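K.L.:
Here you go, input14.cif (mmCIF, C-alpha atoms):
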data_entry
#
loop_
_atom_site.label_atom_id
_atom_site.label_comp_id
_atom_site.auth_asym_id
_atom_site.auth_seq_id
_atom_site.Cartn_x
_atom_site.Cartn_y
_atom_site.Cartn_z
CA MET A 1 107.78 -90.57 -73.99
CA GLY A 2 108.65 -89.55 -77.55
CA ALA A 3 107.57 -92.89 -78.96
CA ILE A 4 104.22 -92.62 -77.20
CA ILE A 5 103.53 -89.18 -78.64
CA THR A 6 104.68 -90.35 -82.07
CA MET A 7 102.26 -93.27 -82.00
CA ALA A 8 99.37 -91.03 -80.98
CA LEU A 9 100.13 -88.52 -83.74
CA ALA A 10 100.70 -91.15 -86.39
CA ILE A 11 97.36 -92.79 -85.75
CA SER A 12 95.22 -89.66 -85.49
CA LEU A 13 96.90 -87.24 -87.91
CA ILE A 14 96.12 -89.09 -91.14
CA VAL A 15 92.44 -89.49 -90.29
CA THR A 16 92.18 -85.83 -89.28
CA VAL A 17 93.78 -84.51 -92.44
CA LEU A 18 91.57 -86.66 -94.66
CA GLU A 19 88.39 -85.76 -92.79
CA ILE A 20 89.11 -82.01 -92.83
CA LEU A 21 90.12 -82.15 -96.50
CA ASN A 22 86.86 -83.92 -97.33
CA GLY A 23 84.94 -81.23 -95.43
CA PHE A 24 86.75 -78.45 -97.28
CA ILE A 25 86.14 -80.10 -100.66
CA ASN A 26 82.43 -80.47 -99.91
CA THR A 27 81.95 -76.81 -99.00
CA ASP A 28 78.94 -75.32 -100.80
CA SER A 29 80.16 -74.44 -104.29
CA GLU A 30 77.48 -71.79 -104.71
CA LEU A 31 78.85 -69.83 -101.74
CA LEU A 32 82.34 -70.08 -103.17
CA LYS A 33 81.15 -68.83 -106.57
CA MET A 34 79.35 -65.94 -104.91
CA ALA A 35 82.47 -64.94 -102.96
CA LYS A 36 84.58 -65.07 -106.12
CA THR A 37 81.98 -62.94 -107.88
CA PHE A 38 82.48 -60.27 -105.21
CA ASN A 39 86.28 -60.48 -105.73
CA ALA A 40 87.05 -62.14 -102.40
CA ASN A 41 90.64 -63.30 -102.08
CA LYS A 42 91.60 -66.82 -100.96
CA PHE A 43 92.15 -65.80 -97.34
CA GLN A 44 88.71 -64.18 -97.16
CA ILE A 45 87.10 -67.26 -98.71
CA LEU A 46 88.88 -69.49 -96.19
CA THR A 47 88.01 -67.40 -93.12
CA LYS A 48 84.50 -66.30 -94.06
CA ILE A 49 83.10 -69.35 -95.86
CA VAL A 50 85.17 -72.53 -95.69
CA ILE A 51 86.08 -72.60 -91.98
CA PRO A 52 82.68 -71.46 -90.63
CA SER A 53 80.87 -74.01 -92.78
CA ASN A 54 83.13 -76.79 -91.50
CA ILE A 55 82.90 -76.20 -87.75
CA SER A 56 80.87 -79.38 -87.34
CA THR A 57 83.53 -81.28 -89.29
CA PHE A 58 86.19 -80.00 -86.88
CA ILE A 59 84.12 -81.06 -83.88
CA ASN A 60 83.44 -84.51 -85.34
CA SER A 61 87.13 -84.88 -86.13
CA LEU A 62 87.95 -84.11 -82.51
CA LYS A 63 85.47 -86.75 -81.36
CA VAL A 64 87.04 -89.38 -83.60
CA ASN A 65 90.54 -88.36 -82.54
CA ILE A 66 89.82 -88.93 -78.87
CA GLY A 67 89.57 -92.66 -79.43
CA LEU A 68 92.35 -92.83 -81.98
CA THR A 69 94.77 -90.86 -79.84
CA LEU A 70 94.06 -92.98 -76.79
CA VAL A 71 94.69 -96.09 -78.89
CA GLY A 72 97.99 -94.55 -80.03
CA VAL A 73 99.04 -93.69 -76.49
CA ILE A 74 98.15 -97.13 -75.15
CA THR A 75 99.94 -98.81 -78.07
CA GLY A 76 103.02 -96.71 -77.41
CA GLU A 77 102.89 -97.68 -73.75
CA PHE A 78 102.59 -101.34 -74.75
CA LEU A 79 105.86 -101.04 -76.64
CA VAL A 80 108.20 -98.81 -74.61
CA SER A 81 106.74 -97.65 -71.32
CA LYS A 82 107.49 -98.64 -67.74
CA ALA A 83 104.34 -96.90 -66.43
CA GLY A 84 100.84 -95.99 -67.53
CA LEU A 85 97.65 -97.79 -68.40
CA GLY A 86 99.15 -99.59 -71.39
CA TYR A 87 101.96 -100.91 -69.25
CA LEU A 88 99.49 -102.05 -66.59
CA ILE A 89 97.43 -103.89 -69.20
CA VAL A 90 100.49 -105.72 -70.56
CA TYR A 91 101.90 -106.42 -67.09
CA GLY A 92 98.55 -107.65 -65.79
CA GLY A 93 98.26 -109.99 -68.76
CA GLN A 94 101.76 -111.36 -68.20
CA VAL A 95 101.24 -112.12 -64.50
CA PHE A 96 97.63 -113.27 -64.98
CA LYS A 97 96.03 -110.48 -62.94
CA LEU A 98 92.76 -109.94 -64.75
CA ASP A 99 91.62 -107.40 -62.16
CA LEU A 100 94.58 -105.13 -63.05
CA VAL A 101 93.82 -105.46 -66.76
CA MET A 102 90.11 -104.78 -66.37
CA THR A 103 90.65 -101.85 -63.99
CA SER A 104 93.01 -100.26 -66.52
CA VAL A 105 90.51 -100.77 -69.34
CA ILE A 106 87.67 -99.29 -67.25
CA ILE A 107 89.81 -96.25 -66.35
CA LEU A 108 90.63 -95.83 -70.04
CA ALA A 109 86.94 -96.01 -70.95
CA ILE A 110 86.03 -93.42 -68.31
CA VAL A 111 88.77 -91.05 -69.52
CA ALA A 112 87.57 -91.46 -73.12
CA TRP A 113 83.95 -90.82 -72.11
CA ILE A 114 84.85 -87.67 -70.15
CA MET A 115 86.91 -86.32 -73.05
CA TYR A 116 84.13 -87.14 -75.53
CA GLN A 117 81.54 -85.35 -73.39
CA GLY A 118 83.86 -82.35 -73.11
CA VAL A 119 84.18 -82.13 -76.89
CA THR A 120 80.40 -82.56 -77.27
CA ILE A 121 79.77 -79.66 -74.87
CA LEU A 122 82.40 -77.56 -76.65
CA GLY A 123 80.72 -78.33 -79.97
CA LYS A 124 77.31 -77.22 -78.67
CA ILE A 125 78.80 -73.98 -77.34
CA VAL A 126 80.62 -73.22 -80.60
CA MET A 127 77.59 -74.06 -82.77
CA LYS A 128 75.34 -71.89 -80.59
CA ALA A 129 77.81 -69.00 -80.77
CA GLN A 130 78.04 -69.38 -84.54
CA LYS A 131 74.27 -68.89 -84.98
#
Would you mind giving the structure from this file in structure tokens?

P.N.:
Amino acid sequence: MGAIITMALAISLIVTVLEILNGFINTDSELLKMAKTFNANKFQILTKIVIPSNISTFINSLKVNIGLTLVGVITGEFLVSKAGLGYLIVYGGQVFKLDLVMTSVIILAIVAWIMYQGVTILGKIVMKAQK
């Protein structure tokens, strides 16, 4: 189980950090200058300007991470698991049961779609609440 979680984190963490960092760097410099003019401290700048202006970046990062994390979990299951969709895909390939492989892939696609739609709905709710 630990190896599966490690694979999922290793694959998605780097992309998330880089995407969020890019969003923070591209925050409107005029807003930052204005906040500094009014003597805002770093915590106030972070909570009042940087994070609210990057909500869409957070949501997009979550959307990307759904696929990456599922790839990490399945890869971890390929390597060490005795159960799960990754195991079923490998086992089905070894015993030439294409129906087992395809069923596992379809279940994986449905899970990814449901999670993606959930994040999309969450993003709409958060963006509406922010306005």

K.L.:
Counting all atoms listed in the file, what is within 12 Å of Asn54 of chain A, bar same-chain residues fewer than 2 positions away, as a PyMOL selection string?

P.N.:
chain A and resi 19-28+46-52+56-61+123+126-127+130

K.L.:
To verify the selection step, state as a PyMOL selection string which residues the PyMOL selection byres ((chain A and resi 107-112) around 10) yields on this input.

P.N.:
chain A and resi 63+66-67+69-71+74+85-86+102-106+113-118

K.L.:
So which one's closest to Lys131 of chain A, A:Ala8, A:Ile14, A:Leu31, A:Ile55? Using all atoms listed in the file, please.

P.N.:
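Of A:Ala8, A:Ile14, A:Leu31, A:Ile55, the one nearest Lys131 of chain A is A:Ile55, counting all atoms listed in the file.
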
K.L.:
Which centre and edge lengths in Å to one decimal define the box along x, y and z that fits every listed atom of segment 7-21 of chain A plus 8 Å per side, as lines of an AutoDock Vina configuration file?

P.N.:
center_x = 95.3
center_y = -87.6
center_z = -88.7
size_x = 29.9
size_y = 27.3
size_z = 31.5

K.L.:
Would you write out, as a tab-separated table (two decimals) with C-alpha atoms, keeping the file's coordinate frame, every residue that the PyMOL selection byres ((chain A and resi 7) around 8) captures in this file?

P.N.:
chain	number	residue	atom	x	y	z
A	3	ALA	CA	107.57	-92.89	-78.96
A	4	ILE	CA	104.22	-92.62	-77.20
A	5	ILE	CA	103.53	-89.18	-78.64
A	6	THR	CA	104.68	-90.35	-82.07
A	8	ALA	CA	99.37	-91.03	-80.98
A	9	LEU	CA	100.13	-88.52	-83.74
A	10	ALA	CA	100.70	-91.15	-86.39
A	11	ILE	CA	97.36	-92.79	-85.75
A	72	GLY	CA	97.99	-94.55	-80.03
A	73	VAL	CA	99.04	-93.69	-76.49
A	75	THR	CA	99.94	-98.81	-78.07
A	76	GLY	CA	103.02	-96.71	-77.41

K.L.:
What is the distance between atom CA of Ser53 of chain A and atom CA of Phe38 of chain A, in Å to one decimal?

P.N.:
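Interatomic distance, atom CA of Ser53 of chain A to atom CA of Phe38 of chain A: 18.6 Å.
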
K.L.:
Tell me, in Å to one decimal, how far atom CA of Thr16 of chain A is from atom CA of Val119 of chain A.

P.N.:
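According to the coordinates, atom CA of Thr16 of chain A and atom CA of Val119 of chain A are separated by 15.2 Å.
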